[in-house]
Amino acid sequence: MDAGLPDRLRAIAQAATAPFAITKIGHVVLNCRDIEASVRFYTHVLGFKISDIYGDEMIPGGMVFMRFNADHHGVALIGSLPDSSPNIELHHMAFAVSTLDEVFRAREHLERKNVPIIVEGRRRAGVQIAVEFADPDGHMLEIYWGLDQVGSDGITRPPSEWKGAKSLEDAIDNPVRGQDVRVFDERMIRRAPK
């Protein structure tokens with residue numbers, strides 16, 4: 001290792017600023033070869049609970065959302081790996097923020113840093129509002145707010161209430177039941193001129 005590398009890395013980190021605060025790593029989505037064996041491992045060995053499932057018609061290979069706390073999902077599995085692992089199991093890593101405003105600030109910050117946003121808006125299961133982008137090595141990352149919480153009764157939002165959204169503005173214009181989508185700094189909301 002380059003002897004000066006640790007000092008250079010510390011200097012980079014000390015100079016870093018962001019207009020939002022990530023509060024936790026929210027969830028990990030893994031590609032897997034045998035989704036049934038993987039579900040068996042995560043449920044029987046680790047004690048995870050299943051929150052929701054996408055069939056092949058929604059995503060090739062199917063997808064299983066699993067939780068280990070009140071978050072709708074902490075780990076999800078996609079049955080899309082055709083053979084033994086070429087070490088591409090990580091689909092994306094997600095980081096939670098405390099407010100919807102912070103998702104908007106994250107979008108602006110990423111754009112200022114010339115980081116292309118690949119997806120923004122609201123996904124279906126879990127209904128979190130997010131921006132998704134890649135790191136320099138192509139690892140998919142997500143900054144999100146508003147992930148559904150699942151109580152001890154295990155009841156999750158029914159699929160009939162999932163509402164995808166193709167932008168942050170679409171997500172706030174078309175809220176899901178129970179999700180407070182007020183943005184306090186409305187200057188961040190992009191509206192087409194009338």
# chains A, B, ... in the order shown; residues from 1 in each chain; ligands from 1

call {"tool": "residues_around", "arguments": {"residues": "range 13-22 of chain A", "least_positions_apart": "6", "cutoff": "10 Å", "atoms": "only C-alpha atoms", "output": "number ranges by chain"}}
result
A: 7, 94-99, 101-106, 108-110, 143-144

call {"tool": "residues_around", "arguments": {"residues": "range 59-67 of chain A", "least_positions_apart": "2", "cutoff": "8 Å", "atoms": "only C-alpha atoms", "output": "PyMOL selection string"}}
result
chain A and resi 35+39+48-57+69-80

call {"tool": "select_by_dssp", "arguments": {"residues": "range 42-148 of chain A", "states": "alpha helix (DSSP H)", "output": "list in words"}}
result
Leu100, Asp101, Glu102, Val103, Phe104, Arg105, Ala106, Arg107, Glu108, His109, Leu110, Glu111 and Arg112 of chain A

call {"tool": "residues_around", "arguments": {"residues": "Leu90 in chain A", "least_positions_apart": "4", "cutoff": "9 Å", "atoms": "only C-alpha atoms", "output": "PDB file with N, CA and C atoms, in the first residue's frame"}}
result
ATOM      1  N   VAL A  28     -30.174  -4.203   1.435  1.00  0.00           N
ATOM      2  CA  VAL A  28     -29.284  -4.776   0.430  1.00  0.00           C
ATOM      3  C   VAL A  28     -30.119  -5.710  -0.422  1.00  0.00           C
ATOM      4  N   VAL A  29     -29.914  -5.660  -1.735  1.00  0.00           N
ATOM      5  CA  VAL A  29     -30.614  -6.543  -2.661  1.00  0.00           C
ATOM      6  C   VAL A  29     -29.565  -7.410  -3.345  1.00  0.00           C
ATOM      7  N   LEU A  30     -29.743  -8.727  -3.251  1.00  0.00           N
ATOM      8  CA  LEU A  30     -28.768  -9.673  -3.775  1.00  0.00           C
ATOM      9  C   LEU A  30     -29.336 -10.506  -4.912  1.00  0.00           C
ATOM     10  N   ASN A  31     -28.550 -10.651  -5.986  1.00  0.00           N
ATOM     11  CA  ASN A  31     -28.896 -11.622  -7.022  1.00  0.00           C
ATOM     12  C   ASN A  31     -28.523 -12.998  -6.490  1.00  0.00           C
ATOM     13  N   HIS A 139     -21.290   0.301  -8.709  1.00  0.00           N
ATOM     14  CA  HIS A 139     -22.170  -0.237  -7.675  1.00  0.00           C
ATOM     15  C   HIS A 139     -23.398   0.660  -7.556  1.00  0.00           C
ATOM     16  N   MET A 140     -24.561   0.068  -7.639  1.00  0.00           N
ATOM     17  CA  MET A 140     -25.800   0.843  -7.557  1.00  0.00           C
ATOM     18  C   MET A 140     -26.065   1.236  -6.105  1.00  0.00           C
TER      19      MET A 140
END

call {"tool": "closest_residue", "arguments": {"among": "A:Glu169, A:Ala125, A:Met93, A:Pro175", "to": "Thr156 in chain A", "atoms": "only C-alpha atoms"}}
result
A:Ala125

call {"tool": "closest_residue", "arguments": {"among": "A:Ile155, A:Ala134, A:Leu81, A:Leu100", "to": "Asp185 in chain A", "atoms": "only C-alpha atoms"}}
result
A:Leu100

call {"tool": "closest_residue", "arguments": {"among": "A:Val127, A:Asp2, A:Arg112, A:Arg122", "to": "Arg157 in chain A", "atoms": "only C-alpha atoms"}}
result
A:Val127

call {"tool": "closest_residue", "arguments": {"among": "A:Gln149, A:Gln128, A:Thr43, A:Gln179", "to": "Gly164 in chain A", "atoms": "only C-alpha atoms"}}
result
A:Gln128

call {"tool": "closest_residue", "arguments": {"among": "A:Val150, A:Asp135, A:Gly121, A:Ile189", "to": "Asn174 in chain A", "atoms": "only C-alpha atoms"}}
result
A:Gly121

call {"tool": "residues_around", "arguments": {"residues": "Asp83 in chain A", "least_positions_apart": "5", "cutoff": "10 Å", "atoms": "only C-alpha atoms", "output": "JSON, numbers by chain"}}
result
{"A": [32, 33, 34]}
